[in-house]
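Structure file upload_33.tsv with TSV, C-alpha atoms:
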chain	number	residue	atom	x	y	z
A	1	MET	CA	185.21	225.63	45.71
A	2	ASN	CA	185.60	222.16	47.12
A	3	SER	CA	184.98	221.11	50.69
A	4	MET	CA	188.64	221.45	51.68
A	5	ASP	CA	188.54	225.20	50.99
A	6	VAL	CA	185.31	225.64	52.96
A	7	GLU	CA	186.86	223.86	55.90
A	8	LEU	CA	189.94	226.09	55.73
A	9	ILE	CA	187.80	229.25	55.67
A	10	ASN	CA	185.85	227.95	58.68
A	11	TRP	CA	189.07	227.39	60.60
A	12	ILE	CA	190.38	230.87	59.77
A	13	LEU	CA	187.12	232.48	60.95
A	14	VAL	CA	187.07	230.43	64.14
A	15	VAL	CA	190.69	231.22	65.03
A	16	ILE	CA	190.28	234.97	64.42
A	17	GLY	CA	187.12	234.89	66.54
A	18	GLN	CA	188.88	233.04	69.32
A	19	ILE	CA	191.68	235.61	69.38
A	20	LEU	CA	189.07	238.38	69.71
A	21	VAL	CA	187.24	236.52	72.51
A	22	ALA	CA	190.55	236.00	74.35
A	23	ILE	CA	191.33	239.73	74.12
A	24	GLY	CA	187.84	240.44	75.42
A	25	VAL	CA	188.21	238.12	78.42
A	26	LEU	CA	191.53	239.76	79.31
A	27	CYS	CA	190.07	243.27	79.06
A	28	ASP	CA	187.11	242.19	81.18
A	29	LEU	CA	189.27	240.91	84.02
A	30	ILE	CA	191.44	244.06	83.88
A	31	ALA	CA	188.35	246.28	83.97
A	32	ALA	CA	186.90	244.39	86.95
A	33	ILE	CA	190.14	244.74	88.91
A	34	LEU	CA	190.49	248.43	88.01
A	35	MET	CA	186.89	249.08	89.00
A	36	ILE	CA	187.84	248.01	92.53
A	37	ARG	CA	191.25	249.69	92.64
A	38	PHE	CA	190.51	253.14	91.19
A	39	PRO	CA	189.97	255.85	93.80
A	40	ASN	CA	187.00	257.93	92.63
A	41	PHE	CA	184.08	258.09	90.24
A	42	TYR	CA	185.66	260.05	87.40
A	43	ILE	CA	188.60	257.67	87.12
A	44	ARG	CA	186.26	254.69	87.22
A	45	LEU	CA	184.78	255.97	83.96
A	46	HIS	CA	188.00	254.75	82.36
A	47	ALA	CA	187.40	251.26	83.77
A	48	LEU	CA	183.87	251.38	82.32
A	49	THR	CA	185.36	252.18	78.90
A	50	ILE	CA	187.70	249.20	79.09
A	51	GLY	CA	184.84	246.98	80.27
A	52	SER	CA	182.36	248.00	77.57
A	53	ILE	CA	184.57	248.45	74.49
A	54	GLY	CA	187.19	245.82	75.23
A	55	GLY	CA	185.06	243.50	77.28
A	56	ALA	CA	181.77	243.50	75.37
A	57	ILE	CA	182.11	244.75	71.77
A	58	ILE	CA	185.26	242.81	70.87
A	59	PRO	CA	184.01	239.42	72.22
A	60	ALA	CA	180.63	240.00	70.55
A	61	ILE	CA	182.34	240.46	67.17
A	62	GLY	CA	184.54	237.46	67.95
A	63	ALA	CA	181.50	235.34	68.80
A	64	ALA	CA	179.93	236.44	65.50
A	65	LEU	CA	183.00	235.24	63.60
A	66	ILE	CA	182.99	231.95	65.54
A	67	ALA	CA	179.32	231.47	64.68
A	68	PHE	CA	180.01	232.23	61.00
A	69	GLY	CA	182.65	229.53	60.89
A	70	SER	CA	180.77	226.81	62.80
A	71	PRO	CA	178.70	224.63	60.46
A	72	PHE	CA	177.81	222.26	63.32
A	73	LEU	CA	175.42	224.89	64.67
A	74	GLY	CA	173.11	224.29	61.75
A	75	MET	CA	171.02	227.02	60.18
A	76	PHE	CA	170.76	229.20	63.26
A	77	ARG	CA	174.39	230.28	63.08
A	78	TRP	CA	173.39	233.15	60.79
A	79	PHE	CA	170.90	234.25	63.45
A	80	VAL	CA	173.57	234.14	66.17
A	81	ALA	CA	176.08	236.06	64.06
A	82	GLY	CA	173.62	238.76	63.04
A	83	GLY	CA	172.36	239.20	66.58
A	84	ALA	CA	175.90	239.45	67.90
A	85	LEU	CA	176.79	242.15	65.38
A	86	VAL	CA	173.63	244.12	66.19
A	87	THR	CA	174.44	243.89	69.91
A	88	ALA	CA	177.99	245.13	69.26
A	89	LEU	CA	176.62	248.09	67.27
A	90	PHE	CA	174.16	248.98	70.05
A	91	ILE	CA	176.85	248.86	72.73
A	92	PHE	CA	179.13	250.96	70.53
A	93	ILE	CA	176.53	253.71	70.17
A	94	LEU	CA	174.69	253.58	73.51
A	95	GLY	CA	177.59	252.86	75.87
A	96	GLY	CA	179.35	256.14	75.19
A	97	ALA	CA	176.13	258.16	75.27
A	98	GLY	CA	175.05	256.64	78.59
A	99	ALA	CA	178.45	257.12	80.21
A	100	HIS	CA	178.52	260.78	79.16
A	101	ALA	CA	175.01	261.34	80.51
A	102	ILE	CA	175.75	259.81	83.90
A	103	ALA	CA	179.09	261.65	84.23
A	104	ARG	CA	177.49	265.00	83.39
A	105	ALA	CA	174.68	264.40	85.89
A	106	ALA	CA	177.15	263.37	88.60
A	107	TYR	CA	179.23	266.52	88.03
A	108	LYS	CA	176.28	268.90	87.93
A	109	SER	CA	174.47	267.52	90.96
A	110	LYS	CA	177.70	267.27	93.04
A	111	VAL	CA	176.69	263.86	94.36
A	112	VAL	CA	180.14	262.32	94.12
A	113	ALA	CA	183.14	263.64	96.03
A	114	TYR	CA	185.97	264.86	93.80
A	115	GLN	CA	188.47	263.79	96.40
A	116	PRO	CA	192.03	263.26	95.10
A	117	CYS	CA	191.80	266.50	93.09
A	118	TYR	CA	194.76	267.90	91.19
A	119	VAL	CA	193.17	270.11	88.52
A	120	ASN	CA	189.59	271.10	87.63
A	121	GLN	CA	189.65	273.26	84.55
A	122	LEU	CA	185.88	273.37	84.14
A	123	ALA	CA	185.52	275.06	87.55
A	124	GLU	CA	188.37	277.46	86.70
A	125	ASP	CA	186.68	278.50	83.46
A	126	ARG	CA	183.49	279.26	85.35
A	127	GLY	CA	185.36	281.52	87.74
A	128	GLY	CA	185.35	279.20	90.72
A	129	ASP	CA	188.36	278.07	92.67
A	130	LYS	CA	190.51	275.12	91.75
A	131	CYS	CA	189.08	271.83	93.01
B	132	MET	CA	176.44	207.05	68.01
B	133	LYS	CA	177.24	210.55	66.80
B	134	THR	CA	180.93	211.43	66.95
B	135	LEU	CA	181.91	214.99	67.76
B	136	ASN	CA	184.11	216.42	65.04
B	137	PHE	CA	187.28	218.27	65.93
B	138	LEU	CA	186.09	221.80	65.15
B	139	GLU	CA	183.00	221.42	67.30
B	140	SER	CA	184.87	220.17	70.37
B	141	TRP	CA	187.58	222.84	69.87
B	142	VAL	CA	185.06	225.70	69.81
B	143	THR	CA	183.02	224.33	72.70
B	144	ASN	CA	186.04	223.75	74.94
B	145	PHE	CA	187.44	227.22	74.24
B	146	LEU	CA	184.17	228.99	74.96
B	147	THR	CA	183.61	226.94	78.11
B	148	ILE	CA	186.98	228.04	79.47
B	149	ALA	CA	186.24	231.68	78.53
B	150	MET	CA	182.94	231.40	80.40
B	151	PHE	CA	184.70	230.85	83.72
B	152	PHE	CA	186.83	233.97	83.27
B	153	TYR	CA	183.66	235.91	82.61
B	154	LEU	CA	182.08	234.58	85.80
B	155	ALA	CA	185.20	235.55	87.79
B	156	SER	CA	185.06	239.11	86.49
B	157	PHE	CA	181.33	239.29	87.29
B	158	LEU	CA	182.12	238.44	90.91
B	159	LEU	CA	184.80	241.16	90.99
B	160	TYR	CA	182.28	243.66	89.60
B	161	LEU	CA	179.81	242.69	92.34
B	162	VAL	CA	182.38	243.68	94.98
B	163	ARG	CA	182.35	247.26	93.74
B	164	LEU	CA	178.58	247.16	93.28
B	165	PHE	CA	177.98	246.39	96.96
B	166	LYS	CA	180.84	248.63	98.15
B	167	GLY	CA	180.11	251.63	95.91
B	168	PRO	CA	179.75	254.71	98.08
B	169	THR	CA	177.36	256.72	95.90
B	170	ILE	CA	174.58	256.11	93.38
B	171	PRO	CA	176.62	257.02	90.23
B	172	ASP	CA	179.27	254.48	91.20
B	173	MET	CA	176.67	251.74	91.37
B	174	VAL	CA	175.18	252.80	88.03
B	175	LEU	CA	178.64	252.70	86.48
B	176	VAL	CA	179.20	249.15	87.71
B	177	ILE	CA	175.75	248.05	86.53
B	178	ASP	CA	176.61	249.47	83.09
B	179	ALA	CA	179.79	247.44	82.84
B	180	LEU	CA	178.06	244.36	84.27
B	181	GLY	CA	175.15	244.62	81.84
B	182	TYR	CA	177.25	245.08	78.73
B	183	ASP	CA	179.50	242.19	79.69
B	184	LEU	CA	176.43	240.09	80.45
B	185	ALA	CA	175.18	240.76	76.91
B	186	ALA	CA	178.46	239.44	75.47
B	187	PHE	CA	178.29	236.52	77.92
B	188	LEU	CA	174.78	235.60	76.73
B	189	ILE	CA	176.01	235.46	73.12
B	190	ILE	CA	178.85	233.12	74.11
B	191	LEU	CA	176.41	231.04	76.17
B	192	SER	CA	174.05	230.70	73.22
B	193	ILE	CA	176.87	229.18	71.14
B	194	ILE	CA	177.79	226.79	73.95
B	195	LEU	CA	174.22	225.67	74.64
B	196	ARG	CA	173.13	225.83	70.94
B	197	SER	CA	170.03	227.77	71.89
B	198	PRO	CA	169.18	230.80	69.71
B	199	ILE	CA	166.60	232.12	72.17
B	200	LEU	CA	169.33	233.93	74.15
B	201	ILE	CA	170.23	236.35	71.34
B	202	PRO	CA	167.16	238.67	71.62
B	203	CYS	CA	167.78	238.77	75.38
B	204	ALA	CA	171.24	240.25	74.76
B	205	ILE	CA	169.91	242.96	72.43
B	206	VAL	CA	167.09	243.95	74.80
B	207	LEU	CA	169.44	243.93	77.81
B	208	THR	CA	171.68	246.48	76.09
B	209	LEU	CA	168.74	248.81	75.48
B	210	TRP	CA	167.57	248.51	79.10
B	211	ILE	CA	171.00	249.37	80.45
B	212	TYR	CA	170.96	252.54	78.35
B	213	ALA	CA	167.48	253.37	79.64
B	214	LEU	CA	168.75	252.97	83.23
B	215	ASP	CA	171.60	255.41	82.50
B	216	ILE	CA	169.26	258.04	81.13
B	217	TYR	CA	166.72	257.65	83.95
B	218	VAL	CA	169.33	257.98	86.70
B	219	ALA	CA	171.03	260.92	84.98
B	220	LYS	CA	167.70	262.69	84.63
B	221	TYR	CA	166.86	262.01	88.28
B	222	LEU	CA	170.22	263.29	89.52
B	223	GLU	CA	170.05	266.49	87.51
B	224	ALA	CA	166.39	267.42	87.93
B	225	LYS	CA	165.37	265.47	91.05
B	226	GLU	CA	162.34	264.07	89.23
B	227	MET	CA	161.79	261.04	87.05
B	228	GLY	CA	160.09	262.78	84.15
B	229	GLU	CA	157.07	260.71	83.30
In structure tokens, write the structure found in this file.
Amino acid sequence: MNSMDVELINWILVVIGQILVAIGVLCDLIAAILMIRFPNFYIRLHALTIGSIGGAIIPAIGAALIAFGSPFLGMFRWFVAGGALVTALFIFILGGAGAHAIARAAYKSKVVAYQPCYVNQLAEDRGGDKC
Amino acid sequence: MKTLNFLESWVTNFLTIAMFFYLASFLLYLVRLFKGPTIPDMVLVIDALGYDLAAFLIILSIILRSPILIPCAIVLTLWIYALDIYVAKYLEAKEMGE
């Protein structure tokens, strides 16, 4: 493998990583706008999903690919790439678990108002009224 | 004098532009954080802010060429999860659970 091939592989890794980072930036802006625009807590959970999966995991993997393909960073590019992949794995596991825990606590303790309410099947199953 | 090669300047310029979009979305998150009517809303925004800050720290460590920011991102993720669990436990049981 001569140096031309190595340079080509570096460029491919960097471009794929930049596409992932661009998708992540777009998802992050969309999530921030939706977090302001959405009317109540349970719908804002959807904005949190966009912000954590699209806005944090995908750019972390993209930054890992950029670091893999950047020889100008020296030896510590392996450290950056490995740390970015570990961070993406942690967000992938812990983000969903934390969001479920906080949503369940908010529903059980009735802290948040369930204001624009159209259907509430959990309350119907427990014999309560709709909404 | 050291000349910057093309790949290095390409990566650095791209990540520097992406950094400003991240800062703009952080400011938009802060609007909901200060406006949020209840505690779970604020925790939700802090979740999104913390996870995006972890990704932002990784990008910043490539821009600044400083590897010390990577363990900060990993530990920040774990602390955000701990905040979720603490607040959920407090809301359900009205006690912190020491």
As a list in words, please: the residues near Ala185 in chain B (cut-off 9 Å, all atoms listed in the file, same-chain neighbours under 6 positions excluded). Ala56, Ala60 and Thr87 of chain A; Ile201, Cys203, Ala204, Ile205, Val206, Leu207 and Thr208 of chain B
Considering all atoms listed in the file, extract the chain A residues located within 8 Å of chain B and return them as a CSV table (one decimal) with C-alpha atoms, keeping the file's coordinate frame.
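Output file out.csv follows:
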chain,number,residue,atom,x,y,z
A,11,TRP,CA,189.1,227.4,60.6
A,14,VAL,CA,187.1,230.4,64.1
A,18,GLN,CA,188.9,233.0,69.3
A,21,VAL,CA,187.2,236.5,72.5
A,22,ALA,CA,190.6,236.0,74.4
A,25,VAL,CA,188.2,238.1,78.4
A,28,ASP,CA,187.1,242.2,81.2
A,29,LEU,CA,189.3,240.9,84.0
A,32,ALA,CA,186.9,244.4,87.0
A,33,ILE,CA,190.1,244.7,88.9
A,35,MET,CA,186.9,249.1,89.0
A,36,ILE,CA,187.8,248.0,92.5
A,41,PHE,CA,184.1,258.1,90.2
A,44,ARG,CA,186.3,254.7,87.2
A,45,LEU,CA,184.8,256.0,84.0
A,48,LEU,CA,183.9,251.4,82.3
A,51,GLY,CA,184.8,247.0,80.3
A,52,SER,CA,182.4,248.0,77.6
A,55,GLY,CA,185.1,243.5,77.3
A,56,ALA,CA,181.8,243.5,75.4
A,57,ILE,CA,182.1,244.8,71.8
A,59,PRO,CA,184.0,239.4,72.2
A,60,ALA,CA,180.6,240.0,70.6
A,63,ALA,CA,181.5,235.3,68.8
A,66,ILE,CA,183.0,232.0,65.5
A,67,ALA,CA,179.3,231.5,64.7
A,70,SER,CA,180.8,226.8,62.8
A,72,PHE,CA,177.8,222.3,63.3
A,73,LEU,CA,175.4,224.9,64.7
A,76,PHE,CA,170.8,229.2,63.3
A,79,PHE,CA,170.9,234.2,63.4
A,80,VAL,CA,173.6,234.1,66.2
A,83,GLY,CA,172.4,239.2,66.6
A,84,ALA,CA,175.9,239.4,67.9
A,86,VAL,CA,173.6,244.1,66.2
A,87,THR,CA,174.4,243.9,69.9
A,90,PHE,CA,174.2,249.0,70.0
A,91,ILE,CA,176.8,248.9,72.7
A,94,LEU,CA,174.7,253.6,73.5
A,95,GLY,CA,177.6,252.9,75.9
A,98,GLY,CA,175.0,256.6,78.6
A,99,ALA,CA,178.4,257.1,80.2
A,101,ALA,CA,175.0,261.3,80.5
A,102,ILE,CA,175.8,259.8,83.9
A,103,ALA,CA,179.1,261.6,84.2
A,104,ARG,CA,177.5,265.0,83.4
A,105,ALA,CA,174.7,264.4,85.9
A,106,ALA,CA,177.2,263.4,88.6
A,108,LYS,CA,176.3,268.9,87.9
A,109,SER,CA,174.5,267.5,91.0
A,111,VAL,CA,176.7,263.9,94.4
A,112,VAL,CA,180.1,262.3,94.1
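Taking CA of Tyr118 in chain A and CA of Phe38 in chain A as endpoints, the distance between them is 15.4 Å.
CA of Trp78 in chain A to CA of Leu13 in chain A spans 13.7 Å [interatomic distance, one decimal].
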In Å, rounded to a single decimal, give me how far CA of Cys27 in chain A is from CA of His46 in chain A.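 Between CA of His46 in chain A and CA of Cys27 in chain A the gap works out to 12.1 Å.
Counting only C-alpha atoms, Asn40 in chain A has the following residues at most 8 Å away, ignoring those fewer than 3 positions along the same chain: Ile43, Arg44, Ala113, Tyr114, Gln115 and Pro116 of chain A.
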The centre and edge lengths of an axis-aligned box containing all atoms of range 177-185 of chain B present in the file, extended by 8 Å on each side, are to be given in Å to one decimal, as AutoDock Vina command-line options.
--center_x 177.5 --center_y 244.8 --center_z 81.7 --size_x 20.6 --size_y 25.4 --size_z 25.6
Set the distance at 8 Å and use only C-alpha atoms: which residues neighbour Leu20 in chain A once local chain neighbours fewer than 6 positions away are removed? I'd like the list as a list in words.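 Everything that qualifies: Ile58, Pro59, Ile61 and Gly62 of chain A.
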